[in-house]
Amino acid sequence: MVVVSSQMRTFPKALAAFREIVNERGQKLRQLKFEELRQLARPLAEGPIESLTVDSRPATIGVIVQPRTDNSLRVVVQGFMNARHVPLMKHVALDGFYKHSDETVTPMPAGEFYEFD
């Protein structure tokens with residue numbers, strides 16, 4: 001008897017792993033103090049870039065810290081990974097949040113992520 005699964009993966013296993021890595025980076029950044037995050041802010045809103053390989057695909061993860069007018073920080077973890085079969089295409093993975101000067105963290109609204117893809 002042959003059993004065929006009716007479930008189909010909607011995105012590659014490597015992309016799922018990459019998204020998890022980006023989310024883990026975001027969780028670590030949420031633990032940092034407000035002042036530590038503020039030191040990552042750059043004039044062009046671009047922080048450190050990490051290069052890595054996920055399932056033999058080159059990828060980068062960047063951290064963007066943007067001071068806001070309400071004295072909070074918008075923190076975005078932005079990941080790009082090369083697509084396997086389309087050389088010029090990249091997969092994007094994002095995580096983001098707001099850190100406030102009282103050390104509280106609030107989620108970044110989903111609509112704001114479009115500014116970073």
# chains A, B, ... in the order shown; residues from 1 in each chain; ligands from 1

$ select_by_dssp --residues "region 25-73 of chain A" --states "strand (DSSP E or B)" --output "PDB file with all heavy atoms, in the first residue's frame"
ATOM      1  N   ILE A  49      25.990  44.261   9.642  1.00  0.00           N
ATOM      2  CA  ILE A  49      25.544  43.255   8.672  1.00  0.00           C
ATOM      3  C   ILE A  49      26.261  41.940   8.989  1.00  0.00           C
ATOM      4  O   ILE A  49      27.473  41.912   9.156  1.00  0.00           O
ATOM      5  CB  ILE A  49      25.904  43.669   7.225  1.00  0.00           C
ATOM      6  CG1 ILE A  49      25.314  45.020   6.877  1.00  0.00           C
ATOM      7  CG2 ILE A  49      25.476  42.583   6.237  1.00  0.00           C
ATOM      8  CD1 ILE A  49      23.885  45.025   6.499  1.00  0.00           C
ATOM      9  N   GLU A  50      25.497  40.862   9.071  1.00  0.00           N
ATOM     10  CA  GLU A  50      26.037  39.525   9.321  1.00  0.00           C
ATOM     11  C   GLU A  50      25.904  38.706   8.046  1.00  0.00           C
ATOM     12  O   GLU A  50      24.837  38.664   7.444  1.00  0.00           O
ATOM     13  CB  GLU A  50      25.239  38.882  10.454  1.00  0.00           C
ATOM     14  CG  GLU A  50      25.565  37.446  10.721  1.00  0.00           C
ATOM     15  CD  GLU A  50      24.643  36.813  11.755  1.00  0.00           C
ATOM     16  OE1 GLU A  50      23.717  37.483  12.255  1.00  0.00           O
ATOM     17  OE2 GLU A  50      24.844  35.623  12.035  1.00  0.00           O
ATOM     18  N   SER A  51      26.966  38.079   7.625  1.00  0.00           N
ATOM     19  CA  SER A  51      26.931  37.181   6.464  1.00  0.00           C
ATOM     20  C   SER A  51      26.906  35.749   6.964  1.00  0.00           C
ATOM     21  O   SER A  51      27.655  35.395   7.881  1.00  0.00           O
ATOM     22  CB  SER A  51      28.152  37.398   5.576  1.00  0.00           C
ATOM     23  OG  SER A  51      28.127  38.693   5.027  1.00  0.00           O
ATOM     24  N   LEU A  52      26.071  34.916   6.367  1.00  0.00           N
ATOM     25  CA  LEU A  52      25.984  33.520   6.770  1.00  0.00           C
ATOM     26  C   LEU A  52      25.547  32.676   5.577  1.00  0.00           C
ATOM     27  O   LEU A  52      25.210  33.205   4.515  1.00  0.00           O
ATOM     28  CB  LEU A  52      25.021  33.347   7.948  1.00  0.00           C
ATOM     29  CG  LEU A  52      23.560  33.711   7.732  1.00  0.00           C
ATOM     30  CD1 LEU A  52      22.695  32.915   8.698  1.00  0.00           C
ATOM     31  CD2 LEU A  52      23.338  35.187   7.989  1.00  0.00           C
ATOM     32  N   THR A  53      25.564  31.379   5.753  1.00  0.00           N
ATOM     33  CA  THR A  53      25.122  30.446   4.731  1.00  0.00           C
ATOM     34  C   THR A  53      24.036  29.569   5.332  1.00  0.00           C
ATOM     35  O   THR A  53      24.215  29.014   6.413  1.00  0.00           O
ATOM     36  CB  THR A  53      26.300  29.583   4.233  1.00  0.00           C
ATOM     37  OG1 THR A  53      27.316  30.450   3.745  1.00  0.00           O
ATOM     38  CG2 THR A  53      25.872  28.640   3.136  1.00  0.00           C
ATOM     39  N   VAL A  54      22.920  29.454   4.624  1.00  0.00           N
ATOM     40  CA  VAL A  54      21.798  28.624   5.068  1.00  0.00           C
ATOM     41  C   VAL A  54      21.525  27.615   3.962  1.00  0.00           C
ATOM     42  O   VAL A  54      21.147  27.993   2.857  1.00  0.00           O
ATOM     43  CB  VAL A  54      20.542  29.475   5.351  1.00  0.00           C
ATOM     44  CG1 VAL A  54      19.385  28.596   5.778  1.00  0.00           C
ATOM     45  CG2 VAL A  54      20.832  30.551   6.389  1.00  0.00           C
ATOM     46  N   ARG A  57      23.133  28.348   0.751  1.00  0.00           N
ATOM     47  CA  ARG A  57      22.749  29.609   0.106  1.00  0.00           C
ATOM     48  C   ARG A  57      23.339  30.791   0.880  1.00  0.00           C
ATOM     49  O   ARG A  57      23.172  30.885   2.102  1.00  0.00           O
ATOM     50  CB  ARG A  57      21.242  29.778   0.089  1.00  0.00           C
ATOM     51  CG  ARG A  57      20.536  28.705  -0.669  1.00  0.00           C
ATOM     52  CD  ARG A  57      19.082  29.046  -0.722  1.00  0.00           C
ATOM     53  NE  ARG A  57      18.274  27.862  -0.910  1.00  0.00           N
ATOM     54  CZ  ARG A  57      16.979  27.904  -1.087  1.00  0.00           C
ATOM     55  NH1 ARG A  57      16.344  29.040  -1.101  1.00  0.00           N
ATOM     56  NH2 ARG A  57      16.301  26.796  -1.262  1.00  0.00           N
ATOM     57  N   PRO A  58      23.974  31.724   0.177  1.00  0.00           N
ATOM     58  CA  PRO A  58      24.481  32.923   0.855  1.00  0.00           C
ATOM     59  C   PRO A  58      23.309  33.770   1.361  1.00  0.00           C
ATOM     60  O   PRO A  58      22.271  33.879   0.702  1.00  0.00           O
ATOM     61  CB  PRO A  58      25.249  33.673  -0.233  1.00  0.00           C
ATOM     62  CG  PRO A  58      25.363  32.744  -1.387  1.00  0.00           C
ATOM     63  CD  PRO A  58      24.324  31.692  -1.235  1.00  0.00           C
ATOM     64  N   ALA A  59      23.512  34.347   2.537  1.00  0.00           N
ATOM     65  CA  ALA A  59      22.476  35.183   3.141  1.00  0.00           C
ATOM     66  C   ALA A  59      23.136  36.292   3.952  1.00  0.00           C
ATOM     67  O   ALA A  59      24.297  36.165   4.360  1.00  0.00           O
ATOM     68  CB  ALA A  59      21.577  34.333   4.035  1.00  0.00           C
ATOM     69  N   THR A  60      22.387  37.361   4.172  1.00  0.00           N
ATOM     70  CA  THR A  60      22.844  38.438   5.046  1.00  0.00           C
ATOM     71  C   THR A  60      21.702  38.817   5.978  1.00  0.00           C
ATOM     72  O   THR A  60      20.522  38.714   5.614  1.00  0.00           O
ATOM     73  CB  THR A  60      23.286  39.690   4.260  1.00  0.00           C
ATOM     74  OG1 THR A  60      22.194  40.149   3.464  1.00  0.00           O
ATOM     75  CG2 THR A  60      24.485  39.407   3.385  1.00  0.00           C
ATOM     76  N   ILE A  61      22.087  39.249   7.165  1.00  0.00           N
ATOM     77  CA  ILE A  61      21.115  39.757   8.133  1.00  0.00           C
ATOM     78  C   ILE A  61      21.645  41.096   8.619  1.00  0.00           C
ATOM     79  O   ILE A  61      22.770  41.191   9.103  1.00  0.00           O
ATOM     80  CB  ILE A  61      20.917  38.797   9.313  1.00  0.00           C
ATOM     81  CG1 ILE A  61      20.351  37.465   8.830  1.00  0.00           C
ATOM     82  CG2 ILE A  61      19.999  39.429  10.368  1.00  0.00           C
ATOM     83  CD1 ILE A  61      20.246  36.407   9.913  1.00  0.00           C
ATOM     84  N   GLY A  62      20.816  42.112   8.479  1.00  0.00           N
ATOM     85  CA  GLY A  62      21.174  43.448   8.939  1.00  0.00           C
ATOM     86  C   GLY A  62      20.260  43.893  10.054  1.00  0.00           C
ATOM     87  O   GLY A  62      19.123  43.424  10.182  1.00  0.00           O
ATOM     88  N   VAL A  63      20.766  44.813  10.871  1.00  0.00           N
ATOM     89  CA  VAL A  63      19.985  45.387  11.962  1.00  0.00           C
ATOM     90  C   VAL A  63      19.855  46.878  11.697  1.00  0.00           C
ATOM     91  O   VAL A  63      20.857  47.565  11.495  1.00  0.00           O
ATOM     92  CB  VAL A  63      20.655  45.138  13.329  1.00  0.00           C
ATOM     93  CG1 VAL A  63      19.868  45.822  14.441  1.00  0.00           C
ATOM     94  CG2 VAL A  63      20.781  43.644  13.594  1.00  0.00           C
ATOM     95  N   ILE A  64      18.626  47.350  11.697  1.00  0.00           N
ATOM     96  CA  ILE A  64      18.343  48.765  11.481  1.00  0.00           C
ATOM     97  C   ILE A  64      17.714  49.305  12.760  1.00  0.00           C
ATOM     98  O   ILE A  64      16.720  48.745  13.252  1.00  0.00           O
ATOM     99  CB  ILE A  64      17.378  48.956  10.294  1.00  0.00           C
ATOM    100  CG1 ILE A  64      17.990  48.367   9.025  1.00  0.00           C
ATOM    101  CG2 ILE A  64      17.026  50.431  10.116  1.00  0.00           C
ATOM    102  CD1 ILE A  64      17.001  48.231   7.881  1.00  0.00           C
ATOM    103  N   VAL A  65      18.294  50.361  13.309  1.00  0.00           N
ATOM    104  CA  VAL A  65      17.758  50.998  14.506  1.00  0.00           C
ATOM    105  C   VAL A  65      17.478  52.452  14.159  1.00  0.00           C
ATOM    106  O   VAL A  65      18.386  53.192  13.784  1.00  0.00           O
ATOM    107  CB  VAL A  65      18.738  50.899  15.696  1.00  0.00           C
ATOM    108  CG1 VAL A  65      18.158  51.599  16.920  1.00  0.00           C
ATOM    109  CG2 VAL A  65      19.059  49.437  16.010  1.00  0.00           C
ATOM    110  N   GLN A  66      16.224  52.839  14.280  1.00  0.00           N
ATOM    111  CA  GLN A  66      15.803  54.189  13.911  1.00  0.00           C
ATOM    112  C   GLN A  66      15.201  54.905  15.114  1.00  0.00           C
ATOM    113  O   GLN A  66      14.170  54.473  15.632  1.00  0.00           O
ATOM    114  CB  GLN A  66      14.763  54.147  12.794  1.00  0.00           C
ATOM    115  CG  GLN A  66      15.268  53.522  11.520  1.00  0.00           C
ATOM    116  CD  GLN A  66      14.168  53.358  10.495  1.00  0.00           C
ATOM    117  OE1 GLN A  66      13.027  53.034  10.826  1.00  0.00           O
ATOM    118  NE2 GLN A  66      14.512  53.586   9.229  1.00  0.00           N
ATOM    119  N   PRO A  67      15.831  55.995  15.566  1.00  0.00           N
ATOM    120  CA  PRO A  67      15.222  56.807  16.632  1.00  0.00           C
ATOM    121  C   PRO A  67      13.920  57.433  16.115  1.00  0.00           C
ATOM    122  O   PRO A  67      13.839  57.860  14.966  1.00  0.00           O
ATOM    123  CB  PRO A  67      16.267  57.890  16.910  1.00  0.00           C
ATOM    124  CG  PRO A  67      17.536  57.381  16.314  1.00  0.00           C
ATOM    125  CD  PRO A  67      17.142  56.497  15.171  1.00  0.00           C
ATOM    126  N   LEU A  73      12.695  53.623  19.876  1.00  0.00           N
ATOM    127  CA  LEU A  73      13.557  53.144  18.801  1.00  0.00           C
ATOM    128  C   LEU A  73      12.786  52.103  18.000  1.00  0.00           C
ATOM    129  O   LEU A  73      12.204  51.184  18.583  1.00  0.00           O
ATOM    130  CB  LEU A  73      14.824  52.493  19.366  1.00  0.00           C
ATOM    131  CG  LEU A  73      15.731  53.373  20.207  1.00  0.00           C
ATOM    132  CD1 LEU A  73      16.824  52.528  20.874  1.00  0.00           C
ATOM    133  CD2 LEU A  73      16.357  54.469  19.358  1.00  0.00           C
TER     134      LEU A  73
END

$ select_by_dssp --residues "region 26-76 of chain A" --states "alpha helix (DSSP H)" --output "compact mmCIF listing (two decimals) with C-alpha atoms, in the first residue's frame"
# COMPACT_ATOMS: atom_id res chain seq x y z
CA GLY A 26 15.15 39.77 16.92
CA GLN A 27 14.52 38.01 20.24
CA LYS A 28 18.11 38.65 21.33
CA LEU A 29 17.82 42.33 20.40
CA ARG A 30 14.61 42.65 22.43
CA PHE A 34 17.41 50.90 25.32
CA GLU A 35 20.85 52.57 25.50
CA GLU A 36 22.56 49.53 23.97
CA LEU A 37 20.15 49.58 21.05
CA ARG A 38 20.50 53.33 20.62

$ closest_residue --among "A:Val76, A:Lys13, A:Ala83, A:Glu24" --to "Leu40 (chain A)" --atoms "only C-alpha atoms"
A:Val76

$ residues_around --residues "Val92 (chain A)" --least-positions-apart "6" --cutoff "12 Å" --atoms "only C-alpha atoms" --output "NGL selection string"
:A and (15-16 or 18-19 or 22 or 59-62 or 77-83 or 113-114 or 116-117)

$ write_last_selection --atoms "N, CA, C and O atoms" --output "PDB file, in the first residue's frame"
ATOM      1  N   LEU A  15      14.193  28.331   3.624  1.00  0.00           N
ATOM      2  CA  LEU A  15      13.576  29.623   3.927  1.00  0.00           C
ATOM      3  C   LEU A  15      12.973  29.617   5.326  1.00  0.00           C
ATOM      4  O   LEU A  15      13.093  30.593   6.070  1.00  0.00           O
ATOM      5  N   ALA A  16      12.353  28.516   5.709  1.00  0.00           N
ATOM      6  CA  ALA A  16      11.805  28.397   7.059  1.00  0.00           C
ATOM      7  C   ALA A  16      12.924  28.501   8.098  1.00  0.00           C
ATOM      8  O   ALA A  16      12.782  29.195   9.108  1.00  0.00           O
ATOM      9  N   PHE A  18      15.800  30.008   7.673  1.00  0.00           N
ATOM     10  CA  PHE A  18      16.306  31.379   7.631  1.00  0.00           C
ATOM     11  C   PHE A  18      15.390  32.320   8.413  1.00  0.00           C
ATOM     12  O   PHE A  18      15.851  33.159   9.185  1.00  0.00           O
ATOM     13  N   ARG A  19      14.094  32.164   8.243  1.00  0.00           N
ATOM     14  CA  ARG A  19      13.150  32.992   9.001  1.00  0.00           C
ATOM     15  C   ARG A  19      13.319  32.780  10.499  1.00  0.00           C
ATOM     16  O   ARG A  19      13.231  33.718  11.292  1.00  0.00           O
ATOM     17  N   VAL A  22      16.361  34.740  11.664  1.00  0.00           N
ATOM     18  CA  VAL A  22      16.047  36.164  11.760  1.00  0.00           C
ATOM     19  C   VAL A  22      15.219  36.437  13.022  1.00  0.00           C
ATOM     20  O   VAL A  22      15.490  37.391  13.771  1.00  0.00           O
ATOM     21  N   ALA A  59      23.512  34.347   2.537  1.00  0.00           N
ATOM     22  CA  ALA A  59      22.476  35.183   3.141  1.00  0.00           C
ATOM     23  C   ALA A  59      23.136  36.292   3.952  1.00  0.00           C
ATOM     24  O   ALA A  59      24.297  36.165   4.360  1.00  0.00           O
ATOM     25  N   THR A  60      22.387  37.361   4.172  1.00  0.00           N
ATOM     26  CA  THR A  60      22.844  38.438   5.046  1.00  0.00           C
ATOM     27  C   THR A  60      21.702  38.817   5.978  1.00  0.00           C
ATOM     28  O   THR A  60      20.522  38.714   5.614  1.00  0.00           O
ATOM     29  N   ILE A  61      22.087  39.249   7.165  1.00  0.00           N
ATOM     30  CA  ILE A  61      21.115  39.757   8.133  1.00  0.00           C
ATOM     31  C   ILE A  61      21.645  41.096   8.619  1.00  0.00           C
ATOM     32  O   ILE A  61      22.770  41.191   9.103  1.00  0.00           O
ATOM     33  N   GLY A  62      20.816  42.112   8.479  1.00  0.00           N
ATOM     34  CA  GLY A  62      21.174  43.448   8.939  1.00  0.00           C
ATOM     35  C   GLY A  62      20.260  43.893  10.054  1.00  0.00           C
ATOM     36  O   GLY A  62      19.123  43.424  10.182  1.00  0.00           O
ATOM     37  N   VAL A  77      15.084  43.743  12.023  1.00  0.00           N
ATOM     38  CA  VAL A  77      16.061  42.743  11.596  1.00  0.00           C
ATOM     39  C   VAL A  77      15.646  42.363  10.178  1.00  0.00           C
ATOM     40  O   VAL A  77      14.528  41.888   9.959  1.00  0.00           O
ATOM     41  N   GLN A  78      16.550  42.599   9.235  1.00  0.00           N
ATOM     42  CA  GLN A  78      16.242  42.436   7.815  1.00  0.00           C
ATOM     43  C   GLN A  78      17.183  41.400   7.219  1.00  0.00           C
ATOM     44  O   GLN A  78      18.386  41.598   7.188  1.00  0.00           O
ATOM     45  N   GLY A  79      16.618  40.286   6.753  1.00  0.00           N
ATOM     46  CA  GLY A  79      17.430  39.219   6.180  1.00  0.00           C
ATOM     47  C   GLY A  79      17.143  39.007   4.710  1.00  0.00           C
ATOM     48  O   GLY A  79      15.988  39.080   4.276  1.00  0.00           O
ATOM     49  N   PHE A  80      18.205  38.777   3.952  1.00  0.00           N
ATOM     50  CA  PHE A  80      18.088  38.445   2.529  1.00  0.00           C
ATOM     51  C   PHE A  80      18.848  37.148   2.278  1.00  0.00           C
ATOM     52  O   PHE A  80      19.994  37.005   2.713  1.00  0.00           O
ATOM     53  N   MET A  81      18.216  36.214   1.571  1.00  0.00           N
ATOM     54  CA  MET A  81      18.844  34.945   1.225  1.00  0.00           C
ATOM     55  C   MET A  81      18.626  34.689  -0.261  1.00  0.00           C
ATOM     56  O   MET A  81      17.513  34.857  -0.770  1.00  0.00           O
ATOM     57  N   ASN A  82      19.682  34.270  -0.952  1.00  0.00           N
ATOM     58  CA  ASN A  82      19.566  33.972  -2.382  1.00  0.00           C
ATOM     59  C   ASN A  82      18.566  32.850  -2.618  1.00  0.00           C
ATOM     60  O   ASN A  82      18.548  31.859  -1.885  1.00  0.00           O
ATOM     61  N   ALA A  83      17.752  33.013  -3.655  1.00  0.00           N
ATOM     62  CA  ALA A  83      16.843  31.952  -4.067  1.00  0.00           C
ATOM     63  C   ALA A  83      17.647  30.869  -4.776  1.00  0.00           C
ATOM     64  O   ALA A  83      18.671  31.152  -5.393  1.00  0.00           O
ATOM     65  N   PHE A 113       6.372  46.847   7.857  1.00  0.00           N
ATOM     66  CA  PHE A 113       7.374  45.955   7.302  1.00  0.00           C
ATOM     67  C   PHE A 113       7.568  46.177   5.801  1.00  0.00           C
ATOM     68  O   PHE A 113       8.625  45.899   5.263  1.00  0.00           O
ATOM     69  N   TYR A 114       6.551  46.706   5.132  1.00  0.00           N
ATOM     70  CA  TYR A 114       6.662  46.956   3.684  1.00  0.00           C
ATOM     71  C   TYR A 114       7.745  47.978   3.360  1.00  0.00           C
ATOM     72  O   TYR A 114       8.230  48.027   2.226  1.00  0.00           O
ATOM     73  N   PHE A 116      10.669  47.819   4.364  1.00  0.00           N
ATOM     74  CA  PHE A 116      11.954  47.154   4.482  1.00  0.00           C
ATOM     75  C   PHE A 116      12.133  45.940   3.594  1.00  0.00           C
ATOM     76  O   PHE A 116      13.139  45.253   3.683  1.00  0.00           O
ATOM     77  N   ASP A 117      11.171  45.618   2.733  1.00  0.00           N
ATOM     78  CA  ASP A 117      11.337  44.423   1.898  1.00  0.00           C
ATOM     79  C   ASP A 117      11.849  44.738   0.513  1.00  0.00           C
ATOM     80  O   ASP A 117      12.061  45.798   0.087  1.00  0.00           O
TER      81      ASP A 117
END

$ residues_around --residues "Thr104 (chain A)" --least-positions-apart "3" --cutoff "12 Å" --atoms "only C-alpha atoms" --output "PyMOL selection string"
chain A and resi 30-34+72-73+97-101+107

$ atom_distance --atom1 "CA of Val75 (chain A)" --atom2 "CA of Gly96 (chain A)"
5.5 Å

$ closest_residue --among "A:Leu88, A:Ala110, A:Ala41, A:Leu94" --to "Arg68 (chain A)" --atoms "only C-alpha atoms"
A:Ala41

$ atom_distance --atom1 "CA of Glu112 (chain A)" --atom2 "CA of Asp95 (chain A)"
10.7 Å
